[in-house]
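J.: Below is the file start_0.cif, with mmCIF, C-alpha atoms.
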```
data_final
loop_
_atom_site.label_atom_id
_atom_site.label_comp_id
_atom_site.auth_asym_id
_atom_site.auth_seq_id
_atom_site.Cartn_x
_atom_site.Cartn_y
_atom_site.Cartn_z
CA MET A 277 131.84 124.04 159.90
CA THR A 278 134.94 126.07 160.66
CA GLU A 279 134.92 129.46 158.96
CA MET A 280 136.85 129.69 155.69
CA GLN A 281 139.97 131.79 156.03
CA PHE A 282 141.31 131.69 152.49
CA LYS A 283 140.13 132.39 148.96
CA PRO A 284 141.54 131.49 145.55
CA GLY A 285 144.73 133.43 144.83
CA ASP A 286 145.78 133.80 148.48
CA ARG A 287 149.42 133.03 149.23
CA VAL A 288 149.73 130.40 151.93
CA ARG A 289 152.33 128.24 153.61
CA VAL A 290 151.85 124.68 154.81
CA LEU A 291 152.74 124.22 158.46
CA ASP A 292 156.09 122.56 159.06
CA ALA A 293 154.66 120.32 161.75
CA TYR A 294 155.07 116.64 162.52
CA PRO A 295 152.18 115.49 164.69
CA LEU A 296 151.65 111.78 165.22
CA GLY A 297 148.62 109.96 163.93
CA HIS A 298 146.70 109.78 160.67
CA VAL A 299 147.62 112.95 158.81
CA ARG A 300 146.76 113.64 155.18
CA THR A 301 149.35 116.34 154.59
CA PRO A 302 152.25 114.75 152.69
CA PHE A 303 155.72 115.28 154.18
CA TYR A 304 157.17 116.70 150.96
CA ILE A 305 154.82 119.67 151.01
CA ARG A 306 155.19 120.69 154.66
CA GLY A 307 156.76 124.13 155.07
CA LYS A 308 156.27 124.96 151.35
CA ALA A 309 154.56 128.11 150.06
CA GLY A 310 151.89 128.08 147.39
CA VAL A 311 148.68 129.69 146.19
CA ILE A 312 145.08 128.67 146.88
CA GLU A 313 143.76 127.19 143.62
CA ARG A 314 140.20 126.55 144.78
CA CYS A 315 138.08 125.74 147.80
CA CYS A 316 136.73 122.19 147.76
CA GLY A 317 134.14 122.53 150.52
CA ALA A 318 134.36 121.30 154.10
CA PHE A 319 134.95 117.76 155.30
CA PRO A 320 135.23 116.05 158.68
CA ASN A 321 138.81 116.31 159.91
CA PRO A 322 140.49 112.98 158.98
CA GLU A 323 142.90 113.27 161.91
CA GLU A 324 139.90 113.17 164.25
CA LEU A 325 138.03 110.52 162.26
CA ALA A 326 141.03 108.23 162.63
CA GLN A 327 140.62 108.51 166.41
CA MET A 328 136.99 107.36 166.11
CA ARG A 329 135.70 110.88 166.77
CA ASP A 330 133.22 112.69 164.52
CA GLY A 331 135.71 115.12 162.97
CA LEU A 332 133.35 118.06 163.49
CA PRO A 333 133.25 120.94 162.97
CA ALA A 334 134.11 120.16 159.36
CA GLN A 335 137.39 121.59 158.12
CA PRO A 336 137.53 123.63 154.91
CA LEU A 337 139.62 121.83 152.30
CA TYR A 338 141.63 123.66 149.65
CA ARG A 339 143.61 122.74 146.61
CA VAL A 340 146.93 124.52 146.89
CA LYS A 341 149.13 125.07 143.85
CA PHE A 342 152.91 124.94 144.30
CA ARG A 343 155.61 125.72 141.76
CA GLN A 344 157.66 122.57 141.35
CA GLN A 345 160.83 124.67 141.61
CA ASP A 346 159.69 125.85 145.05
CA VAL A 347 159.09 122.28 146.18
CA TRP A 348 162.22 120.67 144.72
CA PRO A 349 165.19 123.05 144.36
CA ASP A 350 166.80 120.76 141.76
CA TYR A 351 163.56 120.20 139.81
CA ARG A 352 164.07 119.41 136.14
CA GLY A 353 161.41 120.66 133.78
CA SER A 354 159.58 123.83 132.89
CA PRO A 355 159.54 126.63 135.47
CA ASN A 356 155.77 126.66 134.90
CA ASP A 357 155.33 123.09 136.14
CA VAL A 358 153.17 122.80 139.23
CA VAL A 359 151.98 120.27 141.77
CA GLU A 360 148.56 120.75 143.31
CA VAL A 361 147.76 119.21 146.67
CA GLU A 362 144.63 119.07 148.82
CA ILE A 363 145.31 120.60 152.21
CA TYR A 364 142.96 121.17 155.14
CA GLN A 365 142.70 124.69 156.49
CA HIS A 366 144.26 123.96 159.89
CA TRP A 367 147.48 123.07 158.06
CA LEU A 368 147.72 126.45 156.32
CA GLU A 369 148.90 129.90 157.32
CA LYS A 370 148.93 133.13 155.35
CA THR A 371 152.32 134.27 154.07
CA MET B 256 156.04 85.91 146.89
CA ASN B 257 154.69 83.44 149.44
CA ASP B 258 155.61 79.84 149.06
CA PRO B 259 152.17 78.29 148.45
CA GLY B 260 153.04 75.43 150.77
CA THR B 261 153.90 77.65 153.71
CA TYR B 262 151.23 78.43 156.24
CA ARG B 263 151.17 82.05 157.36
CA PRO B 264 148.87 83.37 160.07
CA LEU B 265 146.44 86.13 159.09
CA SER B 266 147.66 89.68 159.52
CA TYR B 267 145.84 91.99 161.91
CA PHE B 268 143.82 93.61 159.13
CA GLN B 269 143.01 90.33 157.41
CA LEU B 270 141.70 89.06 160.72
CA MET B 271 139.62 92.21 161.19
CA GLU B 272 138.17 91.80 157.70
CA VAL B 273 137.21 88.16 158.25
CA SER B 274 135.71 88.90 161.68
CA LEU B 275 133.63 91.81 160.37
CA ARG B 276 132.44 89.81 157.37
CA GLU B 277 131.41 86.86 159.51
CA LEU B 278 129.58 89.11 161.95
CA LEU B 279 127.65 90.85 159.17
CA VAL B 280 126.58 87.49 157.76
CA GLU B 281 125.74 86.07 161.18
CA LYS B 282 123.55 89.07 162.01
CA GLY B 283 121.79 88.86 158.67
CA VAL B 284 122.97 92.25 157.36
CA VAL B 285 124.31 90.66 154.17
CA THR B 286 124.55 87.14 152.80
CA GLU B 287 127.69 85.36 151.62
CA GLU B 288 126.17 85.30 148.16
CA GLU B 289 125.66 89.08 148.08
CA LEU B 290 129.23 89.63 149.21
CA ALA B 291 130.59 87.34 146.51
CA GLN B 292 128.49 89.10 143.86
CA GLU B 293 129.69 92.51 144.97
CA VAL B 294 133.34 91.41 144.87
CA GLU B 295 132.81 90.04 141.36
CA ALA B 296 131.08 93.25 140.25
CA MET B 297 134.01 95.30 141.56
CA ARG B 298 136.51 93.09 139.76
CA LYS B 299 134.62 93.39 136.49
CA ARG B 300 134.27 97.15 136.61
CA GLY B 301 136.53 98.62 133.97
CA TYR B 302 137.20 102.13 132.75
CA GLU B 303 134.32 102.22 130.22
CA ARG B 304 132.33 104.64 132.37
CA GLY B 305 135.17 107.11 132.38
CA ALA B 306 135.54 106.74 128.61
CA ARG B 307 131.84 107.48 128.15
CA VAL B 308 132.16 110.69 130.14
CA VAL B 309 135.18 111.81 128.11
CA ALA B 310 133.53 111.01 124.76
CA ARG B 311 130.43 112.96 125.72
CA ALA B 312 132.55 115.96 126.68
CA TRP B 313 134.32 115.75 123.31
CA VAL B 314 131.11 115.90 121.29
CA ASP B 315 129.09 118.25 123.50
CA ALA B 316 130.74 121.56 124.45
CA GLU B 317 127.97 122.45 126.91
CA TYR B 318 128.34 119.10 128.66
CA LYS B 319 132.09 119.67 128.88
CA LYS B 320 131.51 122.99 130.64
CA ARG B 321 129.24 121.33 133.18
CA LEU B 322 131.71 118.47 133.64
CA LEU B 323 134.58 120.83 134.41
CA ALA B 324 132.38 122.90 136.73
CA ASN B 325 130.99 119.94 138.70
CA GLY B 326 132.23 116.47 137.80
CA THR B 327 129.95 114.58 140.17
CA LYS B 328 126.77 116.21 138.82
CA ALA B 329 127.82 115.80 135.21
CA CYS B 330 128.33 112.06 135.79
CA GLU B 331 124.87 111.81 137.31
CA GLU B 332 123.49 113.29 134.10
CA LEU B 333 124.78 110.18 132.31
CA GLY B 334 123.21 107.96 134.95
CA LEU B 335 126.60 107.29 136.55
CA GLU B 336 126.47 107.38 140.29
CA VAL B 337 129.67 108.46 141.92
CA PRO B 338 128.88 108.00 145.61
CA ALA B 339 131.13 109.35 148.33
CA LEU B 340 133.19 110.98 145.66
CA LYS B 341 133.65 114.56 144.71
CA LEU B 342 134.96 114.38 141.21
CA LEU B 343 137.28 117.02 139.79
CA VAL B 344 137.85 116.81 136.07
CA VAL B 345 141.02 118.49 134.81
CA GLU B 346 141.36 119.35 131.15
CA ASN B 347 144.40 118.82 128.96
CA THR B 348 145.02 121.66 126.50
CA PRO B 349 147.78 122.41 123.96
CA GLU B 350 149.51 124.28 126.83
CA VAL B 351 148.86 122.08 129.86
CA HIS B 352 149.18 118.36 130.56
CA ASN B 353 147.54 116.94 133.70
CA VAL B 354 148.46 113.78 135.57
CA ILE B 355 147.01 112.18 138.70
CA VAL B 356 148.76 110.50 141.62
CA CYS B 357 147.97 109.74 145.25
CA THR B 358 151.23 109.97 147.17
CA LEU B 359 149.68 108.92 150.50
CA CYS B 360 147.86 105.78 149.41
CA SER B 361 146.08 104.99 146.15
CA CYS B 362 142.97 107.19 145.90
CA TYR B 363 141.47 106.62 142.47
CA PRO B 364 138.09 107.30 140.80
CA ARG B 365 137.08 103.63 140.96
CA MET B 366 133.46 104.26 140.02
CA LEU B 367 134.66 105.59 136.67
CA LEU B 368 137.91 103.70 136.09
CA GLY B 369 137.45 100.44 138.01
CA ILE B 370 140.25 98.84 140.02
CA PRO B 371 143.50 100.83 139.82
CA PRO B 372 146.44 99.22 138.01
CA GLU B 373 149.22 97.79 140.19
CA TRP B 374 151.72 100.46 139.16
CA TYR B 375 149.37 103.24 140.33
CA LYS B 376 149.65 101.83 143.86
CA SER B 377 153.42 101.25 143.68
CA ARG B 378 155.79 103.24 145.84
CA ASN B 379 157.83 104.00 142.74
CA TYR B 380 154.99 105.77 140.89
CA ARG B 381 153.63 107.49 143.98
CA SER B 382 156.93 108.93 145.13
CA ARG B 383 158.38 109.83 141.74
CA MET B 384 155.35 111.30 139.97
CA VAL B 385 155.43 114.40 142.18
CA ARG B 386 159.24 114.57 142.21
CA GLU B 387 160.13 114.05 138.54
CA PRO B 388 156.88 113.80 136.56
CA ARG B 389 158.53 114.32 133.18
CA ALA B 390 160.95 111.43 133.69
CA VAL B 391 158.13 109.12 134.82
CA LEU B 392 155.91 110.15 131.89
CA ALA B 393 158.81 109.45 129.53
CA GLU B 394 158.99 105.92 130.96
CA PHE B 395 155.32 105.56 129.96
CA GLY B 396 156.35 106.63 126.45
CA LEU B 397 155.12 110.18 126.79
CA GLN B 398 157.83 112.73 125.97
CA LEU B 399 156.52 116.19 126.73
CA PRO B 400 158.18 119.34 125.37
CA GLU B 401 159.44 122.00 127.80
CA THR B 402 156.88 124.41 126.36
CA LEU B 403 154.07 122.28 127.81
CA THR B 404 153.24 122.88 131.48
CA VAL B 405 152.93 119.72 133.57
CA ARG B 406 150.31 119.89 136.29
CA VAL B 407 150.52 117.05 138.81
CA HIS B 408 147.48 116.52 141.03
CA ASP B 409 148.15 114.81 144.34
CA SER B 410 144.88 113.24 145.46
CA THR B 411 145.57 113.54 149.18
CA ALA B 412 142.12 114.01 150.69
CA ASP B 413 138.45 113.96 149.68
CA MET B 414 138.58 114.74 145.95
CA ARG B 415 138.95 112.25 143.14
CA TYR B 416 140.40 113.21 139.77
CA LEU B 417 139.85 112.41 136.13
CA VAL B 418 141.91 113.81 133.28
CA LEU B 419 139.94 114.99 130.27
CA PRO B 420 142.39 114.26 127.44
CA MET B 421 142.47 116.22 124.20
CA ARG B 422 140.40 114.85 121.36
CA PRO B 423 142.79 113.54 118.71
CA ALA B 424 142.92 115.30 115.35
CA GLY B 425 141.22 113.49 112.49
CA THR B 426 138.26 112.30 114.59
CA GLU B 427 135.93 115.18 113.69
CA ASP B 428 133.31 112.94 112.03
CA TRP B 429 133.51 110.11 114.58
CA THR B 430 130.46 109.07 116.58
CA GLU B 431 130.45 109.38 120.36
CA GLU B 432 130.56 105.61 120.70
CA ARG B 433 133.56 105.25 118.43
CA LEU B 434 135.30 108.06 120.28
CA ALA B 435 134.72 106.29 123.60
CA GLY B 436 136.63 103.32 122.22
CA LEU B 437 139.63 105.57 121.77
CA VAL B 438 139.81 106.70 125.38
CA SER B 439 142.26 104.55 127.33
CA ARG B 440 142.43 104.19 131.08
CA ASP B 441 145.94 105.59 131.10
CA SER B 442 144.88 108.71 129.21
CA MET B 443 142.36 109.46 131.98
CA ILE B 444 145.11 109.11 134.61
CA GLY B 445 147.33 111.29 132.48
CA VAL B 446 150.20 108.90 131.70
CA ALA B 447 149.17 108.60 128.04
CA VAL B 448 147.28 110.52 125.39
CA PRO B 449 144.65 109.04 123.07
CA LYS B 450 145.65 108.52 119.44
CA SER B 451 143.32 108.06 116.49
#
```
Would you give me this structure, written as structure tokens?
T.:
Amino acid sequence: MTEMQFKPGDRVRVLDAYPLGHVRTPFYIRGKAGVIERCCGAFPNPEELAQMRDGLPAQPLYRVKFRQQDVWPDYRGSPNDVVEVEIYQHWLEKT
Amino acid sequence: MNDPGTYRPLSYFQLMEVSLRELLVEKGVVTEEELAQEVEAMRKRGYERGARVVARAWVDAEYKKRLLANGTKACEELGLEVPALKLLVVENTPEVHNVIVCTLCSCYPRMLLGIPPEWYKSRNYRSRMVREPRAVLAEFGLQLPETLTVRVHDSTADMRYLVLPMRPAGTEDWTEERLAGLVSRDSMIGVAVPKS
């Protein structure tokens, strides 16, 4: 598996990229900054699996926590509200 | 909807499904009967398994700890197999309310909750639950105060989620079985809370 680059509490940003194909990074979260909530283990890369390849080496998968106000500037609700999204490591960079 | 009298050719994926099924039967991998039984079993599967897990966690604090630490293993303890599924259980508290959505498709802990409801798969729920969760929850009849933090979990990849709701007040002397009857499907998705 690919080496883990992040640990819980690390500040990260999701890449603002738009590759074609089967991608499991939702559009609304691309380019947003958040904090690693936990590591979920490593899984075959779904973008490769969709191309009938083996997806190896496995990609570390993280749950990243975002403040709703950082995701939606006009968010209505508590400033503590969060959305947590599973993101593969190759979609993340340190901020 | 389709006019029942109108013939429509199979879509690409329907055709793939039929071809694969016929091949598997032809090559003796499965029989038509086994396939039919499996489809029926899937249709019948409800959310009782999820409710059992929640009720156990309510009556057994040690079990709850294990469930929150490793959902898949804790289900296996109850004899519930959750294959190809890494289960994350998220706990509601007086401070935090959790709710589950899959914005990309309709990932859902089927082994515990059965077939997802139609609204869970709708574009409306999937797009709005991350955007304005409080408004959507209000439409389900759940008005949450500003003092409560809303935690939305977008099930985008390999994890599956189950909300562990709060045990209602006034159920202190209830049996585990009676408690399980209180746990609704919606309360384990996070769009409702159980009431005694």
J.: What are the closest atom pairs, with distances in Å to one decimal, for all residues of stretch 316-367 of chain B lying within 8 Å of stretch 302-305 of chain B? Consider only C-alpha atoms, order rows by chain and residue number, and present the result as CSV.
T.:
```
residue,atom,partner,partner_atom,distance
B:Leu335,CA,B:Arg304,CA,7.6
B:Met366,CA,B:Arg304,CA,7.7
B:Leu367,CA,B:Gly305,CA,4.6
```
J.: Name the residues captured by the PyMOL selection byres ((chain B) within 8 of (chain A)) when it is applied to the shown file; answer as a PyMOL selection string.
T.: chain B and resi 358-359+385-387+389+401-414
J.: Separation of atom CA of B:Tyr416 and atom CA of B:Lys450, in Å?
T.: 21.5 Å
J.: Write out as an NGL selection string which residues come within 9 Å of stretch 287-300 of chain B when counting all atoms listed in the file, dropping same-chain ones fewer than 6 positions away.
T.: :B and (276-277 or 280 or 365-370)
J.: In terms of the shortest atom-to-atom distance over all atoms listed in the file, which of A:Ile312, A:Gln365, A:Lys283, A:Asp292 is closest to A:Ala334?
T.: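 The closest residue to A:Ala334 is A:Gln365.
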J.: On this structure, which residues satisfy the PyMOL selection byres ((chain B and resi 309-312) around 8), written as a PyMOL selection string?
T.: chain B and resi 305-308+313-319+322+419-420+431-432+434-435+438
J.: Between A:Val288, A:Ile305, A:Met277, A:Thr371, which residue has the minimum interatomic distance to A:Leu332, considering all atoms listed in the file?
T.: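 Smallest distance to A:Leu332 is found for A:Met277.
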J.: What's around B:Ala324 at 12 Å? Count all atoms listed in the file, leave out sequence neighbours fewer than 3 positions away in its own chain, and write the answer as a PyMOL selection string.
T.: (chain A and resi 314+316) or (chain B and resi 317-321+327-330+341-346)
J.: Deliver the residues from the most recent selection as a file, using C-alpha atoms, as a CSV table (one decimal), keeping the file's coordinate frame.
T.:
```csv
chain,number,residue,atom,x,y,z
A,314,ARG,CA,140.2,126.6,144.8
A,316,CYS,CA,136.7,122.2,147.8
B,317,GLU,CA,128.0,122.4,126.9
B,318,TYR,CA,128.3,119.1,128.7
B,319,LYS,CA,132.1,119.7,128.9
B,320,LYS,CA,131.5,123.0,130.6
B,321,ARG,CA,129.2,121.3,133.2
B,327,THR,CA,130.0,114.6,140.2
B,328,LYS,CA,126.8,116.2,138.8
B,329,ALA,CA,127.8,115.8,135.2
B,330,CYS,CA,128.3,112.1,135.8
B,341,LYS,CA,133.6,114.6,144.7
B,342,LEU,CA,135.0,114.4,141.2
B,343,LEU,CA,137.3,117.0,139.8
B,344,VAL,CA,137.8,116.8,136.1
B,345,VAL,CA,141.0,118.5,134.8
B,346,GLU,CA,141.4,119.4,131.2
```
J.: Going by the chain IDs and residue numbers used in this file, which residues fall under the PyMOL selection byres ((chain A and resi 307) around 6)? Write them as a list of chain:residue names.
T.: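 Here the PyMOL selection byres ((chain A and resi 307) around 6) matches A:Val290, A:Leu291, A:Asp292, A:Arg306, A:Lys308.
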J.: Provide the atom CA of B:Ala393 to atom CA of B:Val446 distance in Å, to one decimal place.
T.: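 Distance between the two atoms: 8.9 Å.
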J.: Please measure the separation of atom CA of A:Gly310 and atom CA of A:Gln345, giving the value in Å to one decimal.
T.: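 Answer for the atom CA of A:Gly310 to atom CA of A:Gln345 separation: 11.2 Å.
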